[in-house]
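Have a look at run01.pdb; it's PDB, C-alpha atoms:
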ATOM      1  CA  MET K   1     -51.801 -10.001-108.102
ATOM      2  CA  PRO K   2     -52.466  -8.095-104.820
ATOM      3  CA  PRO K   3     -53.102 -10.155-101.683
ATOM      4  CA  ARG K   4     -56.729 -10.879-100.854
ATOM      5  CA  ARG K   5     -58.169  -8.881 -97.988
ATOM      6  CA  GLU K   6     -60.572 -10.178 -95.400
ATOM      7  CA  PRO K   7     -64.066  -8.727 -95.795
ATOM      8  CA  VAL K   8     -64.620  -5.843 -93.401
ATOM      9  CA  ASP K   9     -67.938  -5.158 -91.735
ATOM     10  CA  MET K  10     -68.957  -1.665 -92.691
ATOM     11  CA  PHE K  11     -71.192  -1.114 -89.698
ATOM     12  CA  ASP K  12     -70.736  -2.316 -86.135
ATOM     13  CA  THR K  13     -72.965   0.267 -84.446
ATOM     14  CA  ILE K  14     -75.967   2.072 -85.922
ATOM     15  CA  VAL K  15     -77.806   4.855 -84.124
ATOM     16  CA  ILE K  16     -81.437   5.383 -85.051
ATOM     17  CA  ALA K  17     -82.560   8.902 -84.183
ATOM     18  CA  THR K  18     -86.312   8.939 -83.682
ATOM     19  CA  ASP K  19     -88.839  11.610 -82.885
ATOM     20  CA  GLY K  20     -91.767   9.213 -82.931
ATOM     21  CA  SER K  21     -93.264  10.735 -86.077
ATOM     22  CA  ALA K  22     -94.709   8.744 -88.944
ATOM     23  CA  SER K  23     -91.845   9.916 -91.144
ATOM     24  CA  VAL K  24     -89.251   8.079 -89.081
ATOM     25  CA  ARG K  25     -90.894   4.642 -89.433
ATOM     26  CA  ARG K  26     -89.365   4.029 -92.855
ATOM     27  CA  ALA K  27     -85.948   5.094 -91.530
ATOM     28  CA  VAL K  28     -86.327   2.593 -88.685
ATOM     29  CA  SER K  29     -87.091  -0.189 -91.171
ATOM     30  CA  VAL K  30     -84.107   0.687 -93.348
ATOM     31  CA  ALA K  31     -81.749   1.010 -90.377
ATOM     32  CA  VAL K  32     -82.890  -2.271 -88.815
ATOM     33  CA  ASP K  33     -82.403  -4.023 -92.161
ATOM     34  CA  LEU K  34     -78.908  -2.553 -92.398
ATOM     35  CA  ALA K  35     -78.096  -3.680 -88.852
ATOM     36  CA  GLU K  36     -79.275  -7.206 -89.606
ATOM     37  CA  ARG K  37     -77.256  -7.406 -92.826
ATOM     38  CA  PHE K  38     -74.047  -6.308 -91.086
ATOM     39  CA  ASP K  39     -74.787  -7.854 -87.672
ATOM     40  CA  ALA K  40     -74.479  -4.386 -86.150
ATOM     41  CA  SER K  41     -75.617  -3.306 -82.722
ATOM     42  CA  VAL K  42     -78.586  -0.939 -82.685
ATOM     43  CA  HIS K  43     -78.972   2.170 -80.558
ATOM     44  CA  ALA K  44     -82.183   4.195 -80.579
ATOM     45  CA  LEU K  45     -82.103   7.808 -79.443
ATOM     46  CA  TYR K  46     -84.896  10.247 -78.681
ATOM     47  CA  VAL K  47     -84.032  13.861 -77.938
ATOM     48  CA  ILE K  48     -86.298  16.108 -75.927
ATOM     49  CA  ASP K  49     -85.904  19.479 -77.608
ATOM     50  CA  ALA K  50     -84.790  21.808 -74.810
ATOM     51  CA  GLY K  51     -86.196  24.710 -76.820
ATOM     52  CA  ASP K  52     -89.689  23.229 -76.587
ATOM     53  CA  VAL K  53     -89.363  22.911 -72.813
ATOM     54  CA  GLU K  54     -87.774  26.331 -72.300
ATOM     55  CA  THR K  55     -90.470  28.144 -74.279
ATOM     56  CA  ALA K  56     -93.268  26.605 -72.210
ATOM     57  CA  PRO K  57     -94.653  28.739 -69.380
ATOM     58  CA  ASP K  58     -92.720  28.144 -66.135
ATOM     59  CA  ARG K  59     -95.646  26.434 -64.441
ATOM     60  CA  LEU K  60     -95.946  23.927 -67.290
ATOM     61  CA  ARG K  61     -92.285  23.053 -67.913
ATOM     62  CA  ASP K  62     -92.201  19.947 -65.719
ATOM     63  CA  GLU K  63     -95.429  18.670 -67.283
ATOM     64  CA  MET K  64     -94.048  19.405 -70.761
ATOM     65  CA  ARG K  65     -90.793  17.571 -69.988
ATOM     66  CA  ASP K  66     -92.725  14.587 -68.583
ATOM     67  CA  ALA K  67     -95.007  14.451 -71.637
ATOM     68  CA  LEU K  68     -92.061  14.623 -74.024
ATOM     69  CA  THR K  69     -90.223  11.948 -72.040
ATOM     70  CA  GLU K  70     -93.269   9.690 -72.290
ATOM     71  CA  ARG K  71     -93.510  10.358 -76.030
ATOM     72  CA  GLY K  72     -89.824   9.489 -76.328
ATOM     73  CA  GLU K  73     -90.260   6.220 -74.476
ATOM     74  CA  GLU K  74     -93.114   5.312 -76.830
ATOM     75  CA  ALA K  75     -90.974   6.186 -79.872
ATOM     76  CA  LEU K  76     -88.109   4.059 -78.561
ATOM     77  CA  ALA K  77     -90.490   1.165 -77.880
ATOM     78  CA  GLU K  78     -91.542   1.334 -81.556
ATOM     79  CA  VAL K  79     -87.911   0.921 -82.597
ATOM     80  CA  GLU K  80     -87.498  -2.029 -80.228
ATOM     81  CA  ALA K  81     -90.665  -3.627 -81.629
ATOM     82  CA  ALA K  82     -89.319  -3.332 -85.191
ATOM     83  CA  THR K  83     -86.534  -5.863 -84.617
ATOM     84  CA  ASP K  84     -85.617  -9.018 -82.763
ATOM     85  CA  ARG K  85     -82.175  -7.530 -82.127
ATOM     86  CA  GLU K  86     -81.270  -6.032 -78.784
ATOM     87  CA  VAL K  87     -81.686  -2.257 -78.871
ATOM     88  CA  THR K  88     -79.892   0.114 -76.531
ATOM     89  CA  VAL K  89     -82.225   3.044 -75.904
ATOM     90  CA  ALA K  90     -81.518   6.544 -74.653
ATOM     91  CA  VAL K  91     -83.475   9.717 -73.996
ATOM     92  CA  ARG K  92     -81.512  12.970 -73.973
ATOM     93  CA  GLU K  93     -82.495  16.595 -73.553
ATOM     94  CA  GLY K  94     -80.901  19.430 -75.499
ATOM     95  CA  ARG K  95     -80.632  20.681 -79.050
ATOM     96  CA  PRO K  96     -81.571  17.629 -81.169
ATOM     97  CA  ALA K  97     -78.847  17.893 -83.831
ATOM     98  CA  ALA K  98     -76.107  18.440 -81.264
ATOM     99  CA  GLU K  99     -77.358  15.644 -79.014
ATOM    100  CA  ILE K 100     -77.568  13.188 -81.925
ATOM    101  CA  SER K 101     -74.020  14.029 -83.012
ATOM    102  CA  ASN K 102     -72.705  13.818 -79.439
ATOM    103  CA  TYR K 103     -74.419  10.477 -78.853
ATOM    104  CA  ALA K 104     -73.007   9.050 -82.086
ATOM    105  CA  ARG K 105     -69.547  10.105 -80.931
ATOM    106  CA  GLU K 106     -70.061   8.655 -77.425
ATOM    107  CA  VAL K 107     -71.101   5.197 -78.638
ATOM    108  CA  ASP K 108     -68.533   5.184 -81.451
ATOM    109  CA  ALA K 109     -71.294   4.787 -84.033
ATOM    110  CA  ASP K 110     -70.528   3.906 -87.620
ATOM    111  CA  ALA K 111     -73.703   5.532 -88.925
ATOM    112  CA  VAL K 112     -76.774   7.472 -87.850
ATOM    113  CA  ALA K 113     -80.126   6.790 -89.514
ATOM    114  CA  MET K 114     -83.022   9.216 -89.409
ATOM    115  CA  GLY K 115     -86.103  10.333 -91.267
ATOM    116  CA  THR K 116     -86.128  13.613 -93.132
ATOM    117  CA  ARG K 117     -89.575  14.956 -92.299
ATOM    118  CA  GLY K 118     -90.076  14.900 -88.538
ATOM    119  CA  ARG K 119     -90.839  18.603 -88.145
ATOM    120  CA  HIS K 120     -93.688  20.132 -90.053
ATOM    121  CA  GLY K 121     -94.912  23.526 -91.013
ATOM    122  CA  GLU K 122     -93.445  26.959 -90.649
ATOM    123  CA  ASN K 123     -91.063  25.955 -87.835
ATOM    124  CA  ARG K 124     -89.011  23.793 -90.198
ATOM    125  CA  PHE K 125     -88.380  26.702 -92.563
ATOM    126  CA  LEU K 126     -87.498  29.162 -89.798
ATOM    127  CA  ILE K 127     -85.138  26.886 -87.912
ATOM    128  CA  GLY K 128     -83.968  24.397 -90.549
ATOM    129  CA  SER K 129     -84.446  20.685 -90.371
ATOM    130  CA  VAL K 130     -82.796  18.586 -87.690
ATOM    131  CA  ALA K 131     -81.753  16.062 -90.348
ATOM    132  CA  GLU K 132     -79.966  18.767 -92.326
ATOM    133  CA  ARG K 133     -78.067  19.929 -89.258
ATOM    134  CA  VAL K 134     -77.080  16.388 -88.327
ATOM    135  CA  VAL K 135     -75.816  15.733 -91.865
ATOM    136  CA  ARG K 136     -73.689  18.877 -91.667
ATOM    137  CA  THR K 137     -72.288  18.356 -88.146
ATOM    138  CA  CYS K 138     -72.251  14.655 -87.335
ATOM    139  CA  PRO K 139     -68.802  13.027 -87.207
ATOM    140  CA  VAL K 140     -70.095   9.809 -88.825
ATOM    141  CA  PRO K 141     -72.094   9.116 -92.012
ATOM    142  CA  VAL K 142     -75.791   9.936 -91.770
ATOM    143  CA  LEU K 143     -78.377   7.900 -93.635
ATOM    144  CA  THR K 144     -81.434  10.051 -94.247
ATOM    145  CA  VAL K 145     -84.547   8.214 -95.335
ATOM    146  CA  ARG K 146     -87.234  10.198 -97.086
ATOM    147  CA  GLN K 147     -90.851   9.767 -96.110
ATOM    148  CA  LEU K 148     -92.916   8.385 -98.979
ATOM    149  CA  GLU K 149     -95.869  10.289-100.356
ATOM    150  CA  ALA K 150     -99.266   9.182 -99.056
ATOM    151  CA  GLY K 151    -100.547   6.146-100.915
ATOM    152  CA  THR K 152     -97.097   5.121-102.155
ATOM    153  CA  THR K 153     -95.802   1.669-101.303
ATOM    154  CA  ASP K 154     -92.196   0.841-100.588
ATOM    155  CA  SER K 155     -91.249  -2.163-102.683
ATOM    156  CA  LEU K 156     -87.719  -2.110-101.254
ATOM    157  CA  LEU K 157     -89.032  -2.915 -97.809
ATOM    158  CA  SER K 158     -91.848  -5.294 -98.658
ATOM    159  CA  ASP K 159     -91.617  -8.995 -97.881
ATOM    160  CA  GLU K 160     -92.018  -9.805-101.572
ATOM    161  CA  ALA K 161     -88.786  -8.006-102.468
ATOM    162  CA  ALA K 162     -86.736 -10.000 -99.954
TER     163      ALA K 162
END

Do you think you could lay out the structure here as structure tokens?
Amino acid sequence: MPPRREPVDMFDTIVIATDGSASVRRAVSVAVDLAERFDASVHALYVIDAGDVETAPDRLRDEMRDALTERGEEALAEVEAATDREVTVAVREGRPAAEISNYAREVDADAVAMGTRGRHGENRFLIGSVAERVVRTCPVPVLTVRQLEAGTTDSLLSDEAA
């Protein structure tokens, strides 16, 4: 009979990538639940898309950056409000997929959690989704959490299922 191994925690550090959209709320809930189950530290990251800033008229770039920074701080505050755990927050500027992957590497994350429908409309089809790029390039496992259809309830996350 092989020797018994000590249980190993699967996750010590979880990064939650947020864009503040409604679609990421379910991913936040799932990631926070995962962090609580494995007693993992939680990092929340918001990336200001440099492309959005660079395409703004010169005279509006600073205002655009400030507005996106404020939106990011609000998105990060939503993650902090979703848990009693301490959350390390960060705002970065650059290409979102690259910044998420770099941040995960920097904090030695065990997983990245994110929603799959942050971007909407034509832009998503022309550029490709950020979640897809992170899944393809991130050095750690990526947990993508699909947004539910309107009017659908999530029994996995309800208090009754606990």

Worksheet item: Between CA of Val30 (chain K) and CA of Ile48 (chain K), what is the spacing in Å?
Response: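 Here the two named atoms are 23.4 Å from each other.
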
Discussion item. So the first atom is CA of Tyr46 (chain K) and the second is CA of Ala17 (chain K); what is the distance between them in Å, to one decimal place?
Written reply: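 Between CA of Tyr46 (chain K) and CA of Ala17 (chain K) the gap is 6.1 Å.
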
Worksheet entry | Selection result of the PyMOL selection byres ((chain K and resi 40-45) around 7) on this file, as a list in words |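 With the PyMOL selection byres ((chain K and resi 40-45) around 7) on this model, the match is Phe11, Asp12, Thr13, Ile14, Val15, Ile16, Ala17, Thr18, Ala35, Glu36, Phe38, Asp39, Tyr46, Val47, Leu76, Val79, Glu86, Val87, Thr88, Val89, Ala90 and Val91 of chain K.
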
Expected file: the selected residues, C-alpha atoms, as an mmCIF file, in the frame of the given file:
data_model
loop_
_atom_site.group_PDB
_atom_site.id
_atom_site.type_symbol
_atom_site.label_atom_id
_atom_site.label_comp_id
_atom_site.auth_asym_id
_atom_site.auth_seq_id
_atom_site.Cartn_x
_atom_site.Cartn_y
_atom_site.Cartn_z
ATOM 1 C CA PHE K 11 -71.192 -1.114 -89.698
ATOM 2 C CA ASP K 12 -70.736 -2.316 -86.135
ATOM 3 C CA THR K 13 -72.965 0.267 -84.446
ATOM 4 C CA ILE K 14 -75.967 2.072 -85.922
ATOM 5 C CA VAL K 15 -77.806 4.855 -84.124
ATOM 6 C CA ILE K 16 -81.437 5.383 -85.051
ATOM 7 C CA ALA K 17 -82.560 8.902 -84.183
ATOM 8 C CA THR K 18 -86.312 8.939 -83.682
ATOM 9 C CA ALA K 35 -78.096 -3.680 -88.852
ATOM 10 C CA GLU K 36 -79.275 -7.206 -89.606
ATOM 11 C CA PHE K 38 -74.047 -6.308 -91.086
ATOM 12 C CA ASP K 39 -74.787 -7.854 -87.672
ATOM 13 C CA TYR K 46 -84.896 10.247 -78.681
ATOM 14 C CA VAL K 47 -84.032 13.861 -77.938
ATOM 15 C CA LEU K 76 -88.109 4.059 -78.561
ATOM 16 C CA VAL K 79 -87.911 0.921 -82.597
ATOM 17 C CA GLU K 86 -81.270 -6.032 -78.784
ATOM 18 C CA VAL K 87 -81.686 -2.257 -78.871
ATOM 19 C CA THR K 88 -79.892 0.114 -76.531
ATOM 20 C CA VAL K 89 -82.225 3.044 -75.904
ATOM 21 C CA ALA K 90 -81.518 6.544 -74.653
ATOM 22 C CA VAL K 91 -83.475 9.717 -73.996
#

Discussion item. Starting from the PyMOL selection byres ((chain K and resi 25) around 10), expand the selection into actual residues of this file and give them as a PyMOL selection string.
Written reply: chain K and resi 18-24+26-31+75+78-79+82+114-115+145+147

Worksheet entry | Interatomic distance, CA of Gly94 (chain K) to CA of Arg146 (chain K) (Å, one decimal) | 24.3 Å

Worksheet item: Near Arg136 (chain K), counting only C-alpha atoms, which residues have an atom at most 12 Å away, once you skip same-chain residues fewer than 4 positions from it, shown as a PyMOL selection string?
Response: chain K and resi 97-98+100-101+128-132+140-142

Worksheet item: Which is closer to Glu73 (chain K) than all the others in K:Leu34, K:Arg92, K:Glu99, K:Val107, using only C-alpha atoms?
Response: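 Ranked by minimum distance to Glu73 (chain K), first place goes to K:Arg92.
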
Discussion item. With distances taken over only C-alpha atoms, which residue among K:Val135, K:Val112, K:Val53, K:Met64 lies nearest Arg95 (chain K)?
Written reply: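 Smallest distance to Arg95 (chain K) is found for K:Val53.
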
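If all atoms listed in the file are the atoms counted, then among K:Asp66, K:Asp33, K:Glu106, K:Asp58 the closest residue to Arg85 (chain K) is K:Asp33.
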
Discussion item. Calculated over only C-alpha atoms, which of the candidates K:Asp84, K:Asp108, K:Asp49, K:Glu54 has the smallest distance to Leu68 (chain K)?
Written reply: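 Of all the options, K:Asp49 lies closest to Leu68 (chain K).
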